[in-house]
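Visitor: Dropping in data06.cif, which is mmCIF, C-alpha atoms:
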```
data_coords
#
loop_
_atom_site.label_atom_id
_atom_site.label_comp_id
_atom_site.auth_asym_id
_atom_site.auth_seq_id
_atom_site.Cartn_x
_atom_site.Cartn_y
_atom_site.Cartn_z
CA MET A 370 -8.85 7.55 25.82
CA GLN A 371 -7.64 4.18 27.10
CA GLU A 372 -8.49 3.33 30.70
CA ARG A 373 -5.40 3.16 32.90
CA ILE A 374 -4.32 -0.39 33.58
CA ARG A 375 -3.04 -0.54 37.14
CA TYR A 376 -0.80 -3.56 36.83
CA PHE A 377 0.99 -1.83 33.95
CA ASP A 378 2.28 0.73 36.45
CA ILE A 379 3.76 -2.10 38.52
CA LEU A 380 5.32 -3.70 35.44
CA ARG A 381 6.92 -0.41 34.36
CA ILE A 382 8.46 0.02 37.80
CA ILE A 383 9.69 -3.58 37.81
CA ALA A 384 11.13 -3.14 34.31
CA ILE A 385 13.15 -0.01 35.14
CA GLU A 386 14.49 -1.58 38.34
CA PHE A 387 15.55 -4.65 36.34
CA VAL A 388 17.34 -2.45 33.81
CA ILE A 389 19.15 -0.49 36.53
CA TRP A 390 20.29 -3.68 38.27
CA LEU A 391 21.44 -5.13 34.96
CA HIS A 392 23.59 -2.08 34.22
CA CYS A 393 25.02 -2.08 37.77
CA MET A 394 25.93 -5.75 37.39
CA SER A 395 27.12 -5.85 33.77
CA GLY A 396 30.79 -5.14 34.45
CA PHE A 397 30.99 -7.77 37.18
CA ILE A 398 29.23 -10.70 35.56
CA ILE A 399 31.71 -10.80 32.65
CA SER A 400 34.77 -10.59 34.93
CA THR A 401 36.83 -13.78 35.01
CA SER A 402 38.41 -12.62 38.28
CA ILE A 403 35.22 -13.47 40.19
CA TYR A 404 34.27 -16.56 38.14
CA GLY A 405 33.08 -19.37 40.41
CA SER A 406 32.59 -17.12 43.45
CA ARG A 407 29.31 -16.84 45.32
CA SER A 408 28.84 -13.38 43.84
CA TRP A 409 29.26 -14.65 40.28
CA ASP A 410 26.87 -17.53 40.92
CA ALA A 411 24.32 -15.05 42.28
CA PHE A 412 24.79 -12.77 39.27
CA ILE A 413 24.20 -15.64 36.85
CA VAL A 414 20.86 -16.45 38.52
CA ILE A 415 19.75 -12.82 38.92
CA ASN A 416 20.78 -12.11 35.33
CA GLU A 417 18.05 -14.37 34.01
CA ILE A 418 15.41 -12.38 35.87
CA VAL A 419 16.58 -8.82 35.24
CA ARG A 420 17.13 -9.48 31.52
CA ALA A 421 13.34 -9.34 31.32
CA GLY A 422 13.44 -5.55 31.84
CA VAL A 423 13.61 -4.48 28.18
CA PRO A 424 11.18 -7.22 27.03
CA LEU A 425 8.66 -6.02 29.63
CA PHE A 426 8.94 -2.44 28.36
CA LEU A 427 8.32 -3.67 24.82
CA MET A 428 5.40 -5.85 25.87
CA LEU A 429 3.72 -2.91 27.60
CA SER A 430 4.31 -0.67 24.60
CA GLY A 431 3.06 -3.39 22.28
CA TYR A 432 -0.22 -3.82 24.12
CA LEU A 433 -0.86 -0.07 24.25
CA ALA A 434 0.06 0.43 20.59
CA LEU A 435 -1.81 -2.56 19.18
CA ASN A 436 -4.86 -2.01 21.38
CA SER A 437 -4.99 1.72 20.64
CA SER A 438 -8.15 3.30 19.20
CA LEU A 439 -6.16 6.16 17.63
CA ASP A 440 -6.06 6.60 13.88
CA MET A 441 -2.64 6.34 12.23
CA LYS A 442 -1.97 10.09 12.00
CA THR A 443 -2.90 10.74 15.63
CA PHE A 444 -0.96 7.69 16.79
CA TYR A 445 2.23 8.83 15.08
CA LYS A 446 1.79 12.38 16.35
CA LYS A 447 1.27 11.37 19.97
CA ARG A 448 3.92 8.66 20.12
CA PHE A 449 6.68 10.45 18.27
CA VAL A 450 6.17 13.84 19.92
CA ARG A 451 6.20 12.04 23.27
CA ILE A 452 9.58 10.45 22.55
CA LEU A 453 11.50 12.76 20.22
CA MET A 454 11.88 15.81 22.47
CA PRO A 455 13.32 13.87 25.45
CA LEU A 456 15.48 11.82 23.07
CA ILE A 457 17.07 14.95 21.58
CA SER A 458 17.43 16.61 24.98
CA TRP A 459 19.15 13.61 26.54
CA ASN A 460 21.43 13.25 23.53
CA VAL A 461 22.58 16.82 24.17
CA ILE A 462 23.06 16.08 27.88
CA TYR A 463 25.05 12.91 27.21
CA PHE A 464 27.10 14.65 24.52
CA VAL A 465 28.18 17.23 27.12
CA TRP A 466 28.67 14.48 29.69
CA SER A 467 30.89 12.59 27.26
CA MET A 468 33.06 15.66 26.70
CA PHE A 469 33.54 16.06 30.46
CA GLY A 470 34.57 12.41 30.57
CA GLY A 471 37.12 12.92 27.81
CA ARG A 472 35.17 10.89 25.26
CA GLU A 473 34.88 12.36 21.80
CA SER A 474 31.90 11.71 19.55
CA SER A 475 30.01 13.31 16.71
CA PHE A 476 26.73 14.65 18.02
CA PHE A 477 24.77 14.33 14.78
CA VAL A 478 26.20 10.93 13.84
CA ALA A 479 25.18 9.56 17.24
CA LEU A 480 21.81 11.34 17.15
CA PHE A 481 20.81 9.62 13.92
CA ASN A 482 22.16 6.23 14.92
CA GLU A 483 21.68 4.81 18.41
CA GLY A 484 22.39 7.84 20.57
CA GLN A 485 25.28 9.18 22.61
CA TYR A 486 25.26 6.36 25.19
CA TYR A 487 24.81 2.62 25.22
CA HIS A 488 21.37 2.56 26.81
CA MET A 489 19.74 4.81 24.21
CA TRP A 490 19.54 2.04 21.59
CA PHE A 491 16.29 0.93 23.19
CA VAL A 492 14.53 4.23 22.48
CA TYR A 493 15.60 4.16 18.83
CA MET A 494 14.42 0.59 18.53
CA LEU A 495 11.08 1.54 20.13
CA LEU A 496 10.64 4.30 17.55
CA GLY A 497 11.09 1.67 14.85
CA MET A 498 8.42 -0.46 16.49
CA TYR A 499 6.03 2.50 16.48
CA PHE A 500 6.57 2.95 12.75
CA VAL A 501 5.14 -0.49 12.01
CA ALA A 502 2.62 -0.67 14.89
CA PRO A 503 -0.38 0.87 13.04
CA PHE A 504 0.06 -1.56 10.14
CA LEU A 505 0.49 -4.51 12.51
CA LYS A 506 -2.64 -3.35 14.36
CA ILE A 507 -4.68 -3.50 11.15
CA ILE A 508 -3.60 -7.12 10.66
CA ILE A 509 -4.30 -8.12 14.27
CA ASN A 510 -7.75 -6.48 14.25
CA HIS A 511 -8.82 -8.71 11.36
CA ILE A 512 -7.56 -12.11 12.52
CA SER A 513 -8.46 -14.55 15.31
CA LEU A 514 -6.50 -15.22 18.48
CA LYS A 515 -5.11 -18.45 16.99
CA GLN A 516 -3.92 -16.50 13.97
CA VAL A 517 -2.32 -13.86 16.23
CA LEU A 518 -0.47 -16.66 18.02
CA LEU A 519 0.66 -18.02 14.66
CA LEU A 520 1.86 -14.54 13.65
CA PHE A 521 3.82 -14.34 16.90
CA ILE A 522 5.51 -17.68 16.16
CA ILE A 523 6.29 -16.58 12.60
CA ILE A 524 7.92 -13.37 13.88
CA ILE A 525 10.15 -15.08 16.45
CA PHE A 526 10.91 -18.18 14.38
CA PRO A 527 14.18 -17.15 12.64
CA GLN A 528 16.05 -15.46 15.49
CA THR A 529 14.52 -17.05 18.58
CA ILE A 530 13.20 -20.53 17.83
CA ILE A 531 15.85 -21.58 15.29
CA PRO A 532 18.81 -20.61 17.56
CA PHE A 533 17.13 -22.53 20.41
CA ILE A 534 16.81 -25.61 18.21
CA ASN A 535 20.45 -25.21 17.18
CA ALA A 536 21.53 -24.97 20.83
CA ILE A 537 19.84 -28.19 21.93
CA THR A 538 20.54 -30.23 18.79
CA GLY A 539 23.94 -29.01 17.66
CA LEU A 540 22.58 -28.20 14.22
CA ASN A 541 23.41 -25.02 12.35
CA LEU A 542 20.09 -24.09 10.80
CA TYR A 543 19.57 -20.61 9.42
CA VAL A 544 16.39 -18.85 8.31
CA ALA A 545 16.13 -15.14 7.45
CA TYR A 546 13.08 -12.97 6.88
CA PRO A 547 13.41 -9.75 4.91
CA VAL A 548 11.00 -7.75 7.11
CA PHE A 549 10.56 -8.90 10.70
CA GLU A 550 12.73 -7.70 13.58
CA ASN A 551 12.51 -10.19 16.41
CA TYR A 552 11.98 -7.57 19.11
CA LEU A 553 8.59 -7.15 17.43
CA GLY A 554 7.71 -10.49 18.98
CA TYR A 555 7.61 -8.87 22.42
CA PHE A 556 5.20 -6.28 21.02
CA VAL A 557 2.81 -9.01 19.91
CA LEU A 558 3.31 -11.11 23.05
CA GLY A 559 2.40 -8.14 25.25
CA TYR A 560 -0.79 -7.65 23.24
CA ILE A 561 -1.73 -11.34 23.58
CA LEU A 562 -1.09 -11.59 27.32
CA GLY A 563 -2.66 -8.23 28.08
CA LYS A 564 -5.67 -8.42 25.80
CA PHE A 565 -6.98 -11.90 26.48
CA GLU A 566 -8.07 -13.63 29.66
CA ILE A 567 -5.72 -16.48 30.53
CA PRO A 568 -7.28 -19.50 32.28
CA ILE A 569 -5.55 -20.71 35.43
CA GLN A 570 -4.19 -23.89 33.82
CA TYR A 571 -2.50 -21.86 31.09
CA ARG A 572 -1.12 -19.49 33.66
CA MET A 573 0.48 -22.39 35.50
CA ALA A 574 2.00 -23.56 32.23
CA ILE A 575 3.37 -20.06 31.55
CA TYR A 576 4.95 -19.90 35.03
CA ALA A 577 6.47 -23.35 34.61
CA ALA A 578 7.84 -22.38 31.20
CA GLY A 579 9.39 -19.26 32.72
CA VAL A 580 11.13 -21.26 35.44
CA LEU A 581 12.33 -23.90 32.97
CA GLY A 582 13.53 -21.26 30.52
CA ALA A 583 15.49 -19.45 33.22
CA GLY A 584 16.94 -22.70 34.52
CA PHE A 585 17.99 -23.82 31.04
CA ALA A 586 19.75 -20.49 30.41
CA ILE A 587 21.48 -20.48 33.81
CA VAL A 588 22.87 -23.97 33.24
CA GLY A 589 23.82 -23.12 29.66
CA ASN A 590 25.62 -19.89 30.60
CA CYS A 591 27.50 -21.67 33.40
CA ALA A 592 28.50 -24.53 31.12
CA ALA A 593 29.78 -22.17 28.43
CA SER A 594 31.84 -20.06 30.85
CA SER A 595 35.13 -20.77 32.55
CA VAL A 596 38.02 -19.02 34.26
CA GLU A 597 39.47 -18.47 30.78
CA GLY A 598 36.43 -16.54 29.58
CA ILE A 599 32.82 -15.72 30.38
CA ASN A 600 30.46 -16.74 27.59
CA LEU A 601 26.85 -15.83 28.31
CA VAL A 602 25.40 -17.61 25.30
CA TYR A 603 21.77 -17.13 26.36
CA ASN A 604 21.94 -13.38 26.96
CA GLY A 605 20.80 -12.31 23.50
CA GLY A 606 17.73 -10.12 23.39
CA TYR A 607 15.95 -12.61 21.14
CA SER A 608 16.78 -15.66 23.27
CA PHE A 609 13.88 -18.04 23.83
CA ASN A 610 14.44 -17.98 27.59
CA HIS A 611 13.83 -14.23 27.74
CA TYR A 612 10.44 -14.64 26.07
CA LEU A 613 9.51 -17.32 28.61
CA VAL A 614 10.71 -15.38 31.66
CA ALA A 615 9.20 -12.05 30.56
CA GLY A 616 5.91 -13.75 29.70
CA ALA A 617 5.78 -15.40 33.12
CA ILE A 618 6.49 -12.14 34.98
CA PHE A 619 3.93 -10.22 32.91
CA THR A 620 1.26 -12.85 33.56
CA PHE A 621 2.07 -13.15 37.26
CA VAL A 622 1.78 -9.40 37.85
CA LYS A 623 -1.41 -9.20 35.76
CA TYR A 624 -3.14 -11.70 38.02
CA LEU A 625 -1.81 -10.52 41.37
CA PRO A 626 -4.84 -10.30 43.70
CA ILE A 627 -4.19 -6.69 44.74
CA THR A 628 -6.75 -4.12 45.85
CA TYR A 629 -5.36 -0.65 45.23
CA SER A 630 -6.08 2.14 47.69
CA VAL A 631 -6.43 5.70 46.41
CA ARG A 632 -3.00 6.54 47.82
CA ALA A 633 -1.42 3.44 46.24
CA LYS A 634 -2.93 4.30 42.85
CA LYS A 635 -1.56 7.84 43.07
CA CYS A 636 1.89 6.65 44.14
CA LEU A 637 2.13 3.99 41.44
CA ARG A 638 0.92 6.37 38.77
CA GLY A 639 3.35 9.09 39.80
CA TRP A 640 6.29 6.66 39.81
CA SER A 641 5.26 5.00 36.57
CA ASP A 642 4.85 8.33 34.77
CA ILE A 643 8.50 9.33 35.31
CA ILE A 644 10.06 6.00 34.31
CA PHE A 645 11.14 7.33 30.91
CA GLY A 646 13.23 10.04 32.58
CA VAL A 647 14.66 7.58 35.09
CA TYR A 648 15.73 5.33 32.22
CA PHE A 649 17.61 8.17 30.58
CA ILE A 650 19.36 9.59 33.66
CA HIS A 651 20.33 6.45 35.56
CA VAL A 652 23.52 5.82 33.55
CA ILE A 653 24.96 9.22 34.57
CA ILE A 654 24.17 8.52 38.23
CA LEU A 655 25.70 5.04 38.00
CA GLU A 656 28.88 6.39 36.41
CA ILE A 657 29.26 9.03 39.13
CA LEU A 658 28.83 6.41 41.85
CA SER A 659 31.21 3.91 40.26
CA ASN A 660 33.87 6.60 39.74
CA PHE A 661 33.73 8.18 43.17
CA LEU A 662 32.28 5.59 45.55
CA TYR A 663 34.97 3.02 46.36
CA LEU A 664 33.74 -0.02 48.26
CA GLU A 665 35.86 -2.88 49.58
CA LEU A 666 33.06 -5.41 49.68
CA SER A 667 32.04 -8.54 47.80
CA PRO A 668 30.86 -7.84 44.23
CA ILE A 669 27.25 -8.74 45.03
CA LYS A 670 27.18 -6.23 47.90
CA ILE A 671 28.78 -3.54 45.73
CA VAL A 672 26.19 -4.07 43.01
CA ALA A 673 23.36 -4.02 45.57
CA ILE A 674 24.59 -0.69 46.95
CA TYR A 675 25.08 0.78 43.47
CA PHE A 676 21.61 -0.38 42.51
CA CYS A 677 19.87 1.10 45.54
CA LEU A 678 21.65 4.43 45.29
CA THR A 679 21.26 4.69 41.51
CA SER A 680 17.57 3.86 41.67
CA ILE A 681 16.78 6.19 44.56
CA ILE A 682 18.84 9.15 43.30
CA SER A 683 17.64 8.83 39.69
CA THR A 684 14.00 8.58 40.73
CA ALA A 685 14.31 11.48 43.17
CA ILE A 686 15.94 13.79 40.60
CA ILE A 687 13.40 13.02 37.90
CA ALA A 688 10.52 13.35 40.38
CA VAL A 689 11.70 16.87 41.21
CA LEU A 690 12.29 17.82 37.56
CA SER A 691 8.86 16.47 36.60
CA ARG A 692 7.24 19.21 38.70
CA ILE A 693 8.68 21.86 36.39
CA THR A 694 6.44 21.90 33.32
CA PHE A 695 8.94 22.80 30.60
CA LEU A 696 11.54 20.36 31.98
CA ARG A 697 8.96 17.60 32.08
CA LYS A 698 8.29 18.13 28.38
CA LEU A 699 12.00 18.26 27.59
CA LEU A 700 13.24 15.34 29.68
CA ILE A 701 10.37 13.06 30.66
#
```
Will you turn the file into structure tokens for me?
Guide:
Amino acid sequence: MQERIRYFDILRIIAIEFVIWLHCMSGFIISTSIYGSRSWDAFIVINEIVRAGVPLFLMLSGYLALNSSLDMKTFYKKRFVRILMPLISWNVIYFVWSMFGGRESSFFVALFNEGQYYHMWFVYMLLGMYFVAPFLKIIINHISLKQVLLLFIIIIFPQTIIPFINAITGLNLYVAYPVFENYLGYFVLGYILGKFEIPIQYRMAIYAAGVLGAGFAIVGNCAASSVEGINLVYNGGYSFNHYLVAGAIFTFVKYLPITYSVRAKKCLRGWSDIIFGVYFIHVIILEILSNFLYLELSPIKIVAIYFCLTSIISTAIIAVLSRITFLRKLLI
């Protein structure tokens, strides 16, 4: 059994809070009616940070999967059983929720695609990552760190590095691989940053790269947007800036000089263990708040209030449900 890594609990909590903020903000940041306002400017900056939420989840999963001592059969059994029951249960819940909202959908079509609601795509994508993880682990276990780094570059080259080169040069290069999905790069990056000790000089370089990547994307998104239309060109999940920012956050949290008390360990573990359920439920809570809580405030204040309430209510509900054994298995 793998020893619990304390900073992983912190990263999971950070990741879910980033995702919740992102979903609270998503309708505002693309609104031309607030373009150029202080709220929009704040959203553009915050956006570059909270977009690291999904990459952080993938990096954590990647480290745990690629550093696992489980054989292939046991790995598949544990990972898929852990995910499939909550995935089916929440698809049922969101199917019913959709009907109450007057939205029609085919349950089975959605179930075998990307789910009943927009945020479920991530879980389906994670299942795909788990399919290839044991084979990727075999490769990584038989190559050096330099070769792992080269593999990482090969994976992200077509959909991350090439688009970045195109953006700064004006070229229109195109390279396609028949196998690799670029989200797999986060899997490998999480393994690299989690597995190996990073000297202080390299850490400083990673932090600097994160700041530069975020700054580049902020300037680029602002330059591409106008009152006629918001064009967030560096928002793509594969964007080079997201790798840099997520890598910097992961590394920073890993090396935080924190001494954990027994109470802090228990609290972090309890919160971290219910993150999966919080991820699933938070969209329902956010929709309820946005439909029934009318606020005449600046957009940034509205989003902050939505975020706080959505996070607190979602976490509280799942914390209560997690105490009921059969519900924990079904939903969390």
Visitor: Can you translate the PyMOL selection byres ((chain A and resi 469-484) around 12) into the concrete residues it hits in this file, as a ChimeraX atom specification?
Guide: /A:453,455-468,485-497,649,653,656-657,660
Visitor: Using all atoms listed in the file, which residue out of A:Thr684, A:Ser406, A:Ser630, A:Thr620 lies closest to Tyr560 of chain A?
Guide: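 Closest residue, counting all atoms listed in the file: A:Thr620.
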Visitor: Using only C-alpha atoms, which protein or nucleic acid residues come within 9 Å of Ala384 of chain A? Drop anything in the same chain fewer than 6 positions from it, and give the result as number ranges by chain.
Guide: A: 419, 421-426
Visitor: What do you get, as an MDAnalysis selection string, if you spell out every residue that the PyMOL selection byres ((chain A and resi 688) around 12) selects here?
Guide: chainID A and resid 636 638:647 650 680:687 689:694 696:697 700:701
Visitor: Quick one: residues within 12 Å of Leu519 of chain A, all atoms listed in the file, excluding same-chain residues fewer than 4 positions away - as a list in words?
Guide: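 In the requested format, the answer is Ile509, Ile512, Ser513, Leu514, Lys515, Ile523, Ile524, Ile525, Phe526, Gly554, Val557, Leu558 and Ile561 of chain A.
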Visitor: Would you mind reading off the distance between atom CA of Ile385 of chain A and atom CA of Pro626 of chain A, one decimal, in Å?
Guide: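 We find that atom CA of Ile385 of chain A and atom CA of Pro626 of chain A lie 22.4 Å from each other.
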Visitor: Near Ala592 of chain A, within 12 Å and counting all atoms listed in the file, which residues show up once chain neighbours fewer than 3 positions away are dropped, as a PyMOL selection string?
Guide: chain A and resi 405+413+585-589+595-596+598-603
Visitor: Work out how far atom CA of Tyr624 of chain A is from atom CA of Ile567 of chain A, in Å to one decimal.
Guide: 9.3 Å
Visitor: Between A:Ser608, A:Cys677, A:Val622, A:Val517, which residue has the minimum interatomic distance to Pro532 of chain A, considering all atoms listed in the file?
Guide: A:Ser608
Visitor: Please provide the set of residues having any atom within 9 Å of Pro503 of chain A, restricted to only C-alpha atoms, with same-chain residues fewer than 5 positions apart removed, written as an NGL selection string.
Guide: :A and (434-435 or 437 or 440-441 or 444-445 or 508)
Visitor: Mind pulling up the distance from atom CA of His392 of chain A to atom CA of Tyr555 of chain A?
Guide: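 Those two atoms sit 21.0 Å apart.
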Visitor: Would you mind listing what lies within 7 Å of Phe609 of chain A as a list in words, with only C-alpha atoms counted and same-chain residues fewer than 6 positions away left out?
Guide: Thr529, Ile530 and Phe533 of chain A
Visitor: With distances taken over only C-alpha atoms, which residue among A:Leu562, A:Ile415, A:Ile669, A:Met498 lies nearest Ala617 of chain A?
Guide: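 When distances to Ala617 of chain A are compared using only C-alpha atoms, the smallest one comes from A:Leu562.
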Visitor: Taking the structure in the block just given, could you write segment 378-396 of chain A with C-alpha atoms, as a tab-separated table (two decimals), in the first residue's frame?
Guide:
```tsv
chain	number	residue	atom	x	y	z
A	378	ASP	CA	-4.19	16.30	0.02
A	379	ILE	CA	-3.48	20.03	-0.25
A	380	LEU	CA	-3.20	19.83	-4.03
A	381	ARG	CA	-6.53	17.98	-4.33
A	382	ILE	CA	-8.24	20.66	-2.25
A	383	ILE	CA	-6.62	23.43	-4.30
A	384	ALA	CA	-7.64	21.69	-7.52
A	385	ILE	CA	-11.33	21.35	-6.61
A	386	GLU	CA	-11.49	24.97	-5.43
A	387	PHE	CA	-9.94	26.07	-8.73
A	388	VAL	CA	-12.52	24.06	-10.67
A	389	ILE	CA	-15.42	25.51	-8.66
A	390	TRP	CA	-14.17	29.07	-9.17
A	391	LEU	CA	-13.70	28.43	-12.87
A	392	HIS	CA	-17.28	27.22	-13.26
A	393	CYS	CA	-18.62	30.16	-11.22
A	394	MET	CA	-16.69	32.57	-13.43
A	395	SER	CA	-17.15	30.96	-16.86
A	396	GLY	CA	-20.32	32.79	-17.84
```
